Amino acid sequence: MTVGGNGHIYVTSERDNADNTVPKDTIMEFDPAATGSTLTPVHQWDMTSQFPQLDTGSKDDANLGFEGVGYVPDSWLTANRWVDPRTGAAYDPANYPLHGSGLYFAGLEWDGTLHVYGLNSDGTFTTFGTVSTGKTSVMDVTFDAGTQRIVATCDNTCGETHTFLKVSAAGTIVPDVTYTNPAVMPVDNLEGFAIAPTSTCVNGAREAVWSDDGVYGFGSGSSSYGHALYSGTFPC
């Protein structure tokens with residue numbers, strides 16, 4: 001999940017758990033100020049047809065779709081002279097008047113790629129191509145304003161890594177540096193990651209938080225123990 005420029009929450013899905021052999025790769029927008037007891041999306045953008053490799057009749061393949069999404073502001077893309085793959089020229093947000101103030105990078109667990117979208121207010125979307133993270137899989141995507149980098153997280157599939165991506169001199173988004181988790185942490189299904197803003201820095205460090213996907217945290221146990229959150233620090 002990610003927070004968009006409008007303050008709304010954007011969440012990915014990857015399959016229909018009521019029929020778990022069926023992929024369902026969507027991004028949904030929720031208004032956190034909405035009233036009522038039922039979460040109802042303001043918009044839902046369905047990209048399932050772009051990934052026929054996931055529709056094999058296998059519940060495992062259907063579960064390798066969108067594992068995370070990150071909002072990346074237009075201001076960062078333009079300041080770093082990102083080249084729009086659709087035009088071959090410098091990205092101009094004005095060419096896409098319905099997309100808001102940034103693009104959304106959805107992480108595909110299948111192959112570790114990021115898929116870039118403009119989510120339009122009329123319910124349509126614009127596809128801006130694919131970014132390689134250099135990893136075989138991706139479980140979460142975030143934009144860190146402190147380092148001015150897009151962060152793609154991979155769990156124990158890749159040995160617990162966080163790949164920071166930048167815009168290259170050629171205007172493409174490429175891996176810059178990869179960090180591994182603190183050695184004290186388990187090698188597990190750590191499928192969520194977030195870094196606190198630099199405004200929270202204390203003694204040169206800010207909080208980093210990981211989420212454990214249905215396992216049990218430190219020590220012995222089993223998956224029935226539920227989920228876990230871990231807290232650590234990242235340099236400012």
# chains A, B, ... in the order shown; residues from 1 in each chain; ligands from 1
$ select_by_dssp --residues "segment 85-220 of chain A" --states "strand (DSSP E)" --output "PyMOL selection string"
chain A and resi 102-108+113-119+125-132+140-144+149-154+161-167+173-180+190-195+205-212
$ write_last_selection --atoms "C-alpha atoms" --output "CSV table (one decimal), in the first residue's frame"
chain,number,residue,atom,x,y,z
A,102,GLY,CA,2.6,11.4,-9.5
A,103,LEU,CA,2.9,7.9,-10.9
A,104,TYR,CA,2.5,4.5,-9.3
A,105,PHE,CA,5.2,1.8,-9.4
A,106,ALA,CA,3.7,-1.7,-8.8
A,107,GLY,CA,6.0,-4.5,-7.9
A,108,LEU,CA,5.5,-7.8,-9.7
A,113,THR,CA,10.0,-5.9,-12.2
A,114,LEU,CA,8.3,-2.6,-11.4
A,115,HIS,CA,5.4,-1.6,-13.6
A,116,VAL,CA,4.7,2.1,-13.9
A,117,TYR,CA,1.2,3.6,-14.2
A,118,GLY,CA,-0.6,6.8,-14.3
A,119,LEU,CA,-3.9,6.3,-12.5
A,125,PHE,CA,-4.8,4.1,-16.6
A,126,THR,CA,-1.7,4.9,-18.6
A,127,THR,CA,1.1,2.3,-18.8
A,128,PHE,CA,4.7,3.8,-18.7
A,129,GLY,CA,6.6,0.5,-19.1
A,130,THR,CA,8.7,-1.6,-16.9
A,131,VAL,CA,11.7,-1.1,-14.6
A,132,SER,CA,14.2,-3.8,-13.6
A,140,ASP,CA,7.2,-4.0,-1.6
A,141,VAL,CA,7.8,-0.6,-3.2
A,142,THR,CA,8.2,2.7,-1.6
A,143,PHE,CA,9.6,6.2,-2.3
A,144,ASP,CA,11.9,7.6,0.3
A,149,ARG,CA,15.2,7.0,-4.1
A,150,ILE,CA,12.6,4.4,-5.0
A,151,VAL,CA,13.0,1.3,-2.7
A,152,ALA,CA,12.2,-2.2,-3.9
A,153,THR,CA,12.1,-4.8,-1.2
A,154,CYS,CA,12.7,-8.5,-1.7
A,161,THR,CA,17.3,-7.0,0.3
A,162,HIS,CA,16.3,-3.4,-0.3
A,163,THR,CA,17.3,-2.0,-3.7
A,164,PHE,CA,17.4,1.7,-3.9
A,165,LEU,CA,16.8,3.0,-7.5
A,166,LYS,CA,17.7,6.3,-9.0
A,167,VAL,CA,17.3,8.1,-12.4
A,173,ILE,CA,15.4,4.3,-13.6
A,174,VAL,CA,18.2,1.9,-12.5
A,175,PRO,CA,19.4,0.2,-9.3
A,176,ASP,CA,21.8,2.4,-7.3
A,177,VAL,CA,22.7,0.4,-4.1
A,178,THR,CA,21.3,-2.6,-2.4
A,179,TYR,CA,21.1,-3.0,1.4
A,180,THR,CA,20.6,-6.2,3.4
A,190,LEU,CA,9.5,-10.0,5.3
A,191,GLU,CA,7.1,-8.5,2.7
A,192,GLY,CA,6.6,-4.9,3.9
A,193,PHE,CA,9.1,-2.1,4.5
A,194,ALA,CA,8.9,1.6,5.4
A,195,ILE,CA,11.4,4.3,6.5
A,205,ALA,CA,19.0,7.8,12.7
A,206,ARG,CA,15.4,7.3,11.8
A,207,GLU,CA,13.1,4.4,12.2
A,208,ALA,CA,12.7,1.6,9.7
A,209,VAL,CA,9.9,-0.9,10.0
A,210,TRP,CA,9.4,-4.4,8.5
A,211,SER,CA,6.3,-6.6,8.4
A,212,ASP,CA,6.5,-10.4,8.6
$ residues_around --residues "segment 6-11 of chain A" --least-positions-apart "4" --cutoff "9 Å" --atoms "only C-alpha atoms" --output "list in words"
Met1, Thr2, Thr26, Ile27, Met28, Glu29, Phe30, Asp31, Pro32, Ala33, Gly68, Val69, Gly70, Tyr71, Gly100 and Ser101 of chain A
$ closest_residue --among "A:Gly88, A:Gly65, A:Pro41, A:Pro52" --to "Arg15 of chain A" --atoms "only C-alpha atoms"
A:Gly65
$ atom_distance --atom1 "atom CA of Asp55 of chain A" --atom2 "atom CA of Ser121 of chain A"
28.1 Å
$ select_by_dssp --residues "segment 87-226 of chain A" --states "helix (DSSP H, G or I)" --output "list in words"
Pro93, Ala94, Asn95, Asn156, Thr157, Cys158, Thr198, Ser199, Thr200, Ser223, Ser224 and Tyr225 of chain A
$ write_last_selection --atoms "C-alpha atoms" --output "PDB file, in the first residue's frame"
ATOM      1  CA  PRO A  93       3.169  15.576 -16.468  1.00  0.00           C
ATOM      2  CA  ALA A  94       1.000  18.028 -18.400  1.00  0.00           C
ATOM      3  CA  ASN A  95       0.704  15.426 -21.152  1.00  0.00           C
ATOM      4  CA  ASN A 156      14.073 -14.334   1.777  1.00  0.00           C
ATOM      5  CA  THR A 157      13.715 -15.125  -1.944  1.00  0.00           C
ATOM      6  CA  CYS A 158      16.618 -12.694  -2.420  1.00  0.00           C
ATOM      7  CA  THR A 198      13.979  12.590   7.964  1.00  0.00           C
ATOM      8  CA  SER A 199      11.977  15.020  10.117  1.00  0.00           C
ATOM      9  CA  THR A 200      11.909  12.264  12.752  1.00  0.00           C
ATOM     10  CA  SER A 223       2.881 -19.783  11.226  1.00  0.00           C
ATOM     11  CA  SER A 224      -0.171 -20.045  13.496  1.00  0.00           C
ATOM     12  CA  TYR A 225       1.512 -17.500  15.778  1.00  0.00           C
TER      13      TYR A 225
END
$ residues_around --residues "Thr48 of chain A" --least-positions-apart "4" --cutoff "7 Å" --atoms "only C-alpha atoms" --output "PyMOL selection string"
chain A and resi 23-26
$ closest_residue --among "A:Ala90, A:Val72, A:Met185, A:Ala169" --to "Ala228 of chain A" --atoms "only C-alpha atoms"
A:Met185
$ atom_distance --atom1 "atom CA of Leu54 of chain A" --atom2 "atom CA of Thr124 of chain A"
22.1 Å
$ closest_residue --among "A:Asn203, A:Ser75, A:Asn120, A:Asn189" --to "Val138 of chain A" --atoms "only C-alpha atoms"
A:Asn189
$ atom_distance --atom1 "atom CA of Gln53 of chain A" --atom2 "atom CA of Thr12 of chain A"
18.1 Å
